[in-house]
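Enquirer: Here it is, the structure in full.
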Amino acid sequence: MDRYIRQTALNQVSEEDQETIRSKKVLIIGLGGLGGLTSSLLARAGVGHLTLIDTDKVELSNLHRLFELNEEDLGKSKAEATARKLRKINQETKIDVHNENFNVDNGERLVQEADVVIDGTDNLLTRFLINKVSVKRNTPWVYGACVGTVGTSFTFVPKKTPCLSCMIPKKPICTPECEEVGIMNTVPPVVSSHQVTQAIKLMMGKETLKKLFYFDLWKNKFQLVTVNKKEDCPICGNETED
Ligand SMILES: [Zn+2]
């Protein structure tokens with residue numbers, strides 16, 4: 001296990017934990033600025049099985065925040081191009097690629113097969129679907145979002161934390177203005193790093209943060225925000241802790 005020697009040297013990660021991480025399967029939905037780096041960090045950390053899903057192709061404007069990809073990958077499937085890099089990073093990690101959108105037809109099966117789901121999407125509608133399916137299948141998922149110089153992350157654990165619908169009751173449709181706002185390429189790595197750390201804790205059976213992690217890198221502002229469970233939430237309202 002020389003590959004992971006600097007990881008198992010941590011007080012927080014034992015050799016047994018490393019074996020546990022190797023036995024886990026993580027679903028990464030969206031392979032943009034968040035999901036691409038997330039997949040790389042997880043493969044390097046020794047997660048045994050990654051499932052990647054994204055239907056987009058690599059565009060020139062993506063390269064400023066897709067850290068594992070380069071100009072040779074332009075026009076190629078983001079999921080497939082990322083998988084090729086990951087296989088060179090860690091041959092021990094099994095990688096499944098789905099060159100399609102996460103949707104109502106494939107969502108439940110993909111989430112059911114995963115131990116942890118990580119959100120690398122850029123839209124709330126897909127996140128609401130991830131939330132609904134994850135609550136139904138009792139699978140934890142780690143939300144992440146970036147816009148401008150701001151990033152947020154929340155670890156949703158069914159029956160233990162509020163769900164996305166508790167946090168954002170309505171479904172604001174993301175209009176083209178979202179793309180016009182832009183994004184600083186230093187923001188996704190911070191969100192991704194937080195998501196991956198929480199995901200590894202989930203895999204190891206450790207407690208995760210139950211607050212929203214919010215930051216604005218430009219303003220040097222970092223906050224943990226309390227999110228309350230809504231008793232009448234249409235998605236998790238009648239779920240109770242075991
Ligand atoms: Zn809820």
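Convention: chains lettered A, B, ... in structure tokens order; per-chain residue numbering from 1; ligands numbered from 1 as shown.
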Counting only C-alpha atoms and all ligand atoms, which protein, DNA or RNA residues come within 6 Å of ligand 1, given as a count of residues only?
Expert: 9
Enquirer: Name all residues at most 9 Å from range 7-19 of chain A (count only C-alpha atoms; drop same-chain ones fewer than 2 positions away) and give them as a PyMOL selection string.
Expert: chain A and resi 1+3-5+21-23+45-47+203-204
Enquirer: Go ahead and write the selection's residues with N, CA and C atoms as a short mmCIF file (atom, residue, chain, number, x, y, z; two decimals), in the first residue's frame.
Expert:
data_model
loop_
_atom_site.label_atom_id
_atom_site.label_comp_id
_atom_site.auth_asym_id
_atom_site.auth_seq_id
_atom_site.Cartn_x
_atom_site.Cartn_y
_atom_site.Cartn_z
N MET A 1 0.83 -1.21 0.00
CA MET A 1 0.00 0.00 0.00
C MET A 1 0.86 1.26 0.00
N ARG A 3 1.46 3.29 -2.20
CA ARG A 3 0.79 4.39 -2.91
C ARG A 3 0.07 5.33 -1.94
N TYR A 4 -0.48 4.74 -0.88
CA TYR A 4 -1.31 5.53 0.04
C TYR A 4 -0.63 5.82 1.37
N ILE A 5 0.69 5.66 1.39
CA ILE A 5 1.40 5.72 2.67
C ILE A 5 1.27 7.09 3.34
N ILE A 21 -12.10 2.26 2.02
CA ILE A 21 -12.23 3.20 0.90
C ILE A 21 -12.13 2.44 -0.43
N ARG A 22 -11.22 1.46 -0.45
CA ARG A 22 -11.05 0.68 -1.69
C ARG A 22 -12.29 -0.15 -2.03
N SER A 23 -13.09 -0.49 -1.03
CA SER A 23 -14.26 -1.33 -1.26
C SER A 23 -15.48 -0.52 -1.70
N ALA A 45 -7.05 8.96 -4.07
CA ALA A 45 -7.22 8.56 -2.67
C ALA A 45 -7.46 7.06 -2.53
N GLY A 46 -7.70 6.38 -3.68
CA GLY A 46 -7.81 4.92 -3.63
C GLY A 46 -9.22 4.37 -3.55
N VAL A 47 -10.21 5.18 -3.97
CA VAL A 47 -11.58 4.65 -4.03
C VAL A 47 -11.61 3.54 -5.10
N MET A 203 -17.61 7.35 3.59
CA MET A 203 -17.17 5.99 3.26
C MET A 203 -16.61 5.29 4.49
N MET A 204 -15.95 6.07 5.35
CA MET A 204 -15.33 5.50 6.56
C MET A 204 -16.31 5.40 7.71
#
Enquirer: Considering only C-alpha atoms, give me a table of residues in range 30-105 of chain A that are at most 12 Å from range 129-132 of chain A, with the closest atom pair and distance in Å for each, as a tab-separated table.
Expert:
residue	atom	partner	partner_atom	distance
A:Gly30	CA	A:Ile130	CA	11.7
A:Asn101	CA	A:Leu129	CA	11.6
A:Phe102	CA	A:Ile130	CA	8.4
A:Asn103	CA	A:Leu129	CA	7.4
A:Val104	CA	A:Leu129	CA	7.4
A:Asp105	CA	A:Leu129	CA	11.0
Enquirer: So which one's closest to Asn185 in chain A, A:Ala79, A:Ile53, A:Val150, A:Ile28? Using only C-alpha atoms, please.
Expert: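 Smallest separation from Asn185 in chain A among the options: A:Val150.
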Enquirer: Per DSSP on the backbone, filter range 17-163 of chain A down to the residues in strand (DSSP E) and report them as an MDAnalysis selection string.
Expert: chainID A and resid 25:29 49:53 94:98 116:119 141:147 150:156
Enquirer: Those residues you just picked out, can you put them in a file as a compact mmCIF listing (two decimals), in the first residue's frame with N, CA and C atoms?
Expert:
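Listed below is the output, again00.txt:
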# COMPACT_ATOMS: atom_id res chain seq x y z
N LYS A 25 -17.96 2.40 -3.76
CA LYS A 25 -18.30 2.85 -5.11
C LYS A 25 -18.93 4.24 -5.02
N VAL A 26 -18.39 5.17 -5.79
CA VAL A 26 -18.88 6.55 -5.76
C VAL A 26 -19.40 6.93 -7.15
N LEU A 27 -20.58 7.51 -7.16
CA LEU A 27 -21.19 8.03 -8.39
C LEU A 27 -20.93 9.53 -8.48
N ILE A 28 -20.32 9.97 -9.58
CA ILE A 28 -20.04 11.40 -9.78
C ILE A 28 -20.89 11.89 -10.94
N ILE A 29 -21.79 12.80 -10.62
CA ILE A 29 -22.76 13.28 -11.62
C ILE A 29 -22.30 14.66 -12.12
N HIS A 49 -14.03 2.09 -6.91
CA HIS A 49 -14.94 2.06 -8.06
C HIS A 49 -15.58 3.44 -8.24
N LEU A 50 -15.40 4.02 -9.40
CA LEU A 50 -16.03 5.32 -9.71
C LEU A 50 -16.95 5.16 -10.90
N THR A 51 -18.13 5.75 -10.81
CA THR A 51 -19.05 5.82 -11.95
C THR A 51 -19.18 7.28 -12.35
N LEU A 52 -18.88 7.56 -13.62
CA LEU A 52 -18.91 8.93 -14.13
C LEU A 52 -20.08 9.08 -15.09
N ILE A 53 -20.85 10.15 -14.93
CA ILE A 53 -21.93 10.39 -15.88
C ILE A 53 -21.98 11.85 -16.29
N LYS A 94 -11.58 0.99 -10.55
CA LYS A 94 -12.45 0.59 -11.66
C LYS A 94 -13.33 1.80 -12.03
N ILE A 95 -13.43 2.04 -13.33
CA ILE A 95 -14.17 3.23 -13.78
C ILE A 95 -15.26 2.85 -14.77
N ASP A 96 -16.50 3.24 -14.47
CA ASP A 96 -17.62 3.07 -15.40
C ASP A 96 -17.96 4.43 -15.98
N VAL A 97 -18.26 4.46 -17.27
CA VAL A 97 -18.57 5.73 -17.93
C VAL A 97 -19.98 5.68 -18.52
N HIS A 98 -20.75 6.70 -18.24
CA HIS A 98 -22.08 6.85 -18.83
C HIS A 98 -22.12 8.18 -19.57
N VAL A 116 -21.88 6.37 -2.17
CA VAL A 116 -21.94 7.83 -2.00
C VAL A 116 -22.13 8.44 -3.39
N VAL A 117 -22.92 9.52 -3.43
CA VAL A 117 -23.13 10.24 -4.69
C VAL A 117 -22.53 11.64 -4.52
N ILE A 118 -21.82 12.11 -5.54
CA ILE A 118 -21.27 13.47 -5.49
C ILE A 118 -21.82 14.30 -6.65
N ASP A 119 -22.32 15.46 -6.29
CA ASP A 119 -22.92 16.39 -7.24
C ASP A 119 -21.84 17.24 -7.90
N TRP A 141 -25.53 11.94 -0.29
CA TRP A 141 -24.96 12.65 -1.44
C TRP A 141 -24.40 13.99 -1.00
N VAL A 142 -23.37 14.43 -1.72
CA VAL A 142 -22.67 15.66 -1.35
C VAL A 142 -22.89 16.70 -2.44
N TYR A 143 -23.67 17.71 -2.06
CA TYR A 143 -24.00 18.82 -2.96
C TYR A 143 -22.82 19.78 -3.06
N GLY A 144 -22.63 20.34 -4.25
CA GLY A 144 -21.62 21.38 -4.42
C GLY A 144 -22.06 22.35 -5.50
N ALA A 145 -21.81 23.63 -5.28
CA ALA A 145 -22.20 24.62 -6.28
C ALA A 145 -21.22 25.79 -6.27
N CYS A 146 -21.01 26.37 -7.45
CA CYS A 146 -20.08 27.50 -7.58
C CYS A 146 -20.69 28.53 -8.51
N VAL A 147 -20.55 29.78 -8.17
CA VAL A 147 -20.90 30.85 -9.10
C VAL A 147 -20.07 32.08 -8.75
N VAL A 150 -18.07 32.62 -5.40
CA VAL A 150 -18.74 31.98 -4.27
C VAL A 150 -18.88 30.48 -4.49
N GLY A 151 -18.71 29.71 -3.42
CA GLY A 151 -18.93 28.27 -3.49
C GLY A 151 -19.67 27.80 -2.26
N THR A 152 -20.43 26.69 -2.41
CA THR A 152 -21.13 26.09 -1.27
C THR A 152 -21.07 24.58 -1.38
N SER A 153 -21.22 23.93 -0.23
CA SER A 153 -21.27 22.47 -0.20
C SER A 153 -22.12 22.04 0.99
N PHE A 154 -22.87 20.95 0.81
CA PHE A 154 -23.65 20.41 1.92
C PHE A 154 -23.69 18.89 1.76
N THR A 155 -23.52 18.19 2.86
CA THR A 155 -23.56 16.72 2.84
C THR A 155 -24.92 16.25 3.31
N PHE A 156 -25.70 15.73 2.38
CA PHE A 156 -27.05 15.28 2.70
C PHE A 156 -27.03 13.79 3.05
Enquirer: Smallest atom-to-atom distance to Leu217 in chain A: which of A:Thr82, A:Gly32, A:Asn62, A:Gly148, using only C-alpha atoms?
Expert: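 Comparing A:Thr82, A:Gly32, A:Asn62, A:Gly148 against Leu217 in chain A, the winner is A:Gly148.
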Enquirer: Can you list, as a PyMOL selection string, every residue of range 3-240 of chain A that DSSP puts in helix (DSSP H, G or I)?
Expert: chain A and resi 3-8+15-22+33-45+60-62+71-73+78-89+107-113+124-137+164-167+177-181+187-203
Enquirer: Just the residues within 10 Å of Ala81 in chain A, please, counting only C-alpha atoms, with nothing from its chain fewer than 3 positions along; format it as a ChimeraX atom specification.
Expert: /A:31,36,57-58,68-70,72-78,84-86,97
Enquirer: Can you spit out the residues from that selection as a short mmCIF file (atom, residue, chain, number, x, y, z; two decimals), in the first residue's frame, using N, CA and C atoms?
Expert:
data_model
loop_
_atom_site.label_atom_id
_atom_site.label_comp_id
_atom_site.auth_asym_id
_atom_site.auth_seq_id
_atom_site.Cartn_x
_atom_site.Cartn_y
_atom_site.Cartn_z
N LEU A 31 -19.11 16.14 -15.00
CA LEU A 31 -17.64 16.08 -15.03
C LEU A 31 -17.04 17.42 -15.44
N GLY A 36 -14.75 16.82 -12.38
CA GLY A 36 -13.48 16.37 -12.92
C GLY A 36 -12.43 16.24 -11.83
N LYS A 57 -19.66 17.56 -24.16
CA LYS A 57 -18.33 17.44 -24.78
C LYS A 57 -17.43 18.58 -24.26
N VAL A 58 -16.14 18.35 -24.34
CA VAL A 58 -15.18 19.35 -23.83
C VAL A 58 -15.11 20.53 -24.78
N GLU A 68 -7.96 18.24 -15.15
CA GLU A 68 -7.39 16.98 -15.65
C GLU A 68 -7.37 16.92 -17.18
N LEU A 69 -8.06 17.86 -17.84
CA LEU A 69 -8.16 17.80 -19.30
C LEU A 69 -7.32 18.89 -19.94
N ASN A 70 -7.07 18.73 -21.25
CA ASN A 70 -6.25 19.72 -21.96
C ASN A 70 -6.75 19.89 -23.40
N GLU A 72 -5.96 18.63 -26.16
CA GLU A 72 -6.14 17.39 -26.93
C GLU A 72 -7.54 16.81 -26.74
N ASP A 73 -8.21 17.20 -25.66
CA ASP A 73 -9.50 16.60 -25.34
C ASP A 73 -10.69 17.39 -25.92
N LEU A 74 -10.41 18.51 -26.57
CA LEU A 74 -11.50 19.34 -27.12
C LEU A 74 -12.39 18.52 -28.05
N GLY A 75 -13.70 18.67 -27.87
CA GLY A 75 -14.66 17.96 -28.72
C GLY A 75 -14.96 16.55 -28.27
N LYS A 76 -14.19 16.03 -27.32
CA LYS A 76 -14.43 14.66 -26.84
C LYS A 76 -15.43 14.67 -25.68
N SER A 77 -15.99 13.52 -25.41
CA SER A 77 -16.92 13.39 -24.28
C SER A 77 -16.17 13.69 -22.98
N LYS A 78 -16.77 14.55 -22.15
CA LYS A 78 -16.11 14.88 -20.88
C LYS A 78 -15.93 13.64 -20.02
N ARG A 84 -10.26 8.37 -19.23
CA ARG A 84 -8.94 8.02 -19.78
C ARG A 84 -7.83 8.53 -18.87
N LYS A 85 -7.99 9.77 -18.36
CA LYS A 85 -6.96 10.32 -17.46
C LYS A 85 -6.92 9.54 -16.15
N LEU A 86 -8.10 9.21 -15.64
CA LEU A 86 -8.15 8.53 -14.34
C LEU A 86 -7.47 7.16 -14.42
N VAL A 97 -18.26 4.46 -17.27
CA VAL A 97 -18.57 5.73 -17.93
C VAL A 97 -19.98 5.68 -18.52
#
Enquirer: Please determine, counting only C-alpha atoms, which residue among A:Asn90, A:Thr20, A:Ala199, A:Glu80 has the shortest atom-to-atom distance to Thr55 in chain A.
Expert: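 Counting only C-alpha atoms, the residue closest to Thr55 in chain A is A:Glu80.
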Enquirer: Please determine, counting only C-alpha atoms, which residue among A:Ser40, A:Tyr214, A:Ser192, A:Gly35 has the shortest atom-to-atom distance to Asp54 in chain A.
Expert: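 Once distances to Asp54 in chain A are computed over only C-alpha atoms, the minimum belongs to A:Gly35.
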Enquirer: Give me, please, the distance in Å between CA of Leu164 in chain A and CA of Ser61 in chain A, quoted to one decimal.
Expert: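 Distance reported for this atom pair: 29.4 Å.
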Enquirer: When distances are computed from only C-alpha atoms, which of A:Gln91, A:Thr126, A:Asn228, A:Ser39 shows the smallest separation from Pro169 in chain A?
Expert: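 Of the candidates, the smallest distance to Pro169 in chain A is held by A:Asn228.
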